[in-house]
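K.L.:
Pasting a structure below so you can have a look.
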Amino acid sequence: MKKVGIITHYYQSVNYGGVLQAFALCYILNKYGIKAEQICYDKFSHKNLRERLHTLGHNFKSMLKKSQHRSAYCDIAKRKEAFKNFRENVIPHSKIVYNLDSLNVLAESYDTFVTGSDQVWHPQAVCDAYLLNLPKRGLIKVSYAASVAKNELTEQEKKRYKNALSDFTAISVREKSAVDLIQPLTNIPVKWVVDPVFLLQKKDWEKIIASDIEEKQYIFCYFLGSNDKVRKVAEEFASRKHLKVITIPYLEGNYRKCDKKFGEKWNDVTPPQLLSLITNAEYVFTDSFHVMAFSIIFHKEFFVFERHTVNTMSSRIDSLADIFGLKSHFCKEEGKINANF
C-alpha cells in the first residue's frame, strides 16, 4: 500500500507552528492506521527573475545585518539546527526532495494527497504542488484546514483555484472566512475545520513536551510582529504581577531592534521546548495563531494581539476565537487588557 502524502510548509521550515501542525497531522493519521508522511517539497528551487533579484537584495541586506549583529545570528543558526533535528527525527517524511521538475515523480509516489494545514493557499505562497495540480489523473486529492489567510481574491486567483480544485475529493479550510472565498469556486462542499494541532489531545502533546525546562513564575511572550507597544504592555503587565518575561527573539529569522532589550531571551528552543515554555508559564502573550492554539490546549491564561503586516493576520485568530468563544482574549488594540485576566 502506498503512503498518504501530506504537503505543507514542512521542508526546511523553522516556524514553530508550521512544524508542529505538520507533526500533528502525520501523528493522527498514523495513530489510526493510515500510513502518512510529510512530502519534502522545495518550492524555492525555481524562481523567476523578479524573485531571484528580490532574493539577492534580501541576502545582501542579511549579510549587512549579520556583520553588525553576529551574536544574534549565531543564536538563530543554533535554532535552525534544533528545528532540523526535530523535523528529521520525529516527523515521518519522504526521502526524496521534490520540486517543480519532479511533479510527475511526486504524482506516482502516493495514491492519496493531502494539502494543508497552514497557509498553503495564501496567494503569495501557493504553488502547483500546494494546489495538488499534478500531472496524473485519478488521484485522491484532499485539503485539510488549508489556509488562504486573506479576505478576498483577485479574479486571476479565483480562476487558478477553481481550475485546481475541480478534481478534489474533499475540501476543508481553517478559517471561517475562507469558506465564503472557496465555496463559489467549486461544487464540492467546503468544510470549516480546526487546525491539526487540535486533533491531538492534551495527553498526546504531553508525550513530546520537553522535560528540561523548569522555569517558574514568568510570562511567556511569543511575538512574530515587531510592535514595540505590545512588548511594553507585556512588560508592564509582568511588572504588576511580579513576574519575569521570557521570550524567543528574532522569530522571523533576522535581527530585530524590538527584541534587543525585551525580556529574558531563549534562543535555541526546540519545538518540544516551546510547548514546555507554554505549559509552565503563568500567562502567555502572543500574536501567533499556533501559540494561541497551544495555550487553549494546555488551558493557559493567554492574551493575543493582532499582528499588523501587509495583509492582516487577524482572520485566523478571529476564526479560532469564534470556535472556542474566546473573543475577550483577542486584543486588536494594545490598551485593551482585562484587569482580571
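As shown in the C-alpha cells, the chain order sets the letters A, B, ...; within each chain, residues go from 1, and ligands are also counted from 1 in the order they appear.
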Which neighbours of Lys257 (chain A) fall inside 12 Å, counting only C-alpha atoms, when residues of the same chain fewer than 2 positions from it are skipped, and could you give them as number ranges by chain?

P.N.:
A: 65, 68-69, 72, 225-228, 249-250, 254-255, 259-262

K.L.:
Can you tell me, as a list of chain:residue names, what residues are no more than 6 Å from region 201-213 of chain A when counting only C-alpha atoms, ignoring any on the same chain fewer than 4 positions away?

P.N.:
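Here the answer would be A:Pro272, A:Gln273, A:Leu275, A:Ser276.
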
K.L.:
Write out as an MDAnalysis selection string all residues of region 59-223 of chain A that DSSP puts in strand (DSSP E) for this structure's backbone.

P.N.:
chainID A and resid 93:98 112:115 140:143 171:173 190:192 218:222

K.L.:
One number please: CA of Pro123 (chain A) to CA of Ala149 (chain A), in Å, one decimal.

P.N.:
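Between CA of Pro123 (chain A) and CA of Ala149 (chain A) the gap is 8.7 Å.
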
K.L.:
Pick from A:Lys150, A:Lys43, A:Lys80, A:Lys3: nearest to His93 (chain A), with only C-alpha atoms counted?

P.N.:
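Closest to His93 (chain A), using only C-alpha atoms: A:Lys3.
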
K.L.:
Which distance in Å separates CA of Ile6 (chain A) and CA of Val114 (chain A), to one decimal?

P.N.:
4.7 Å
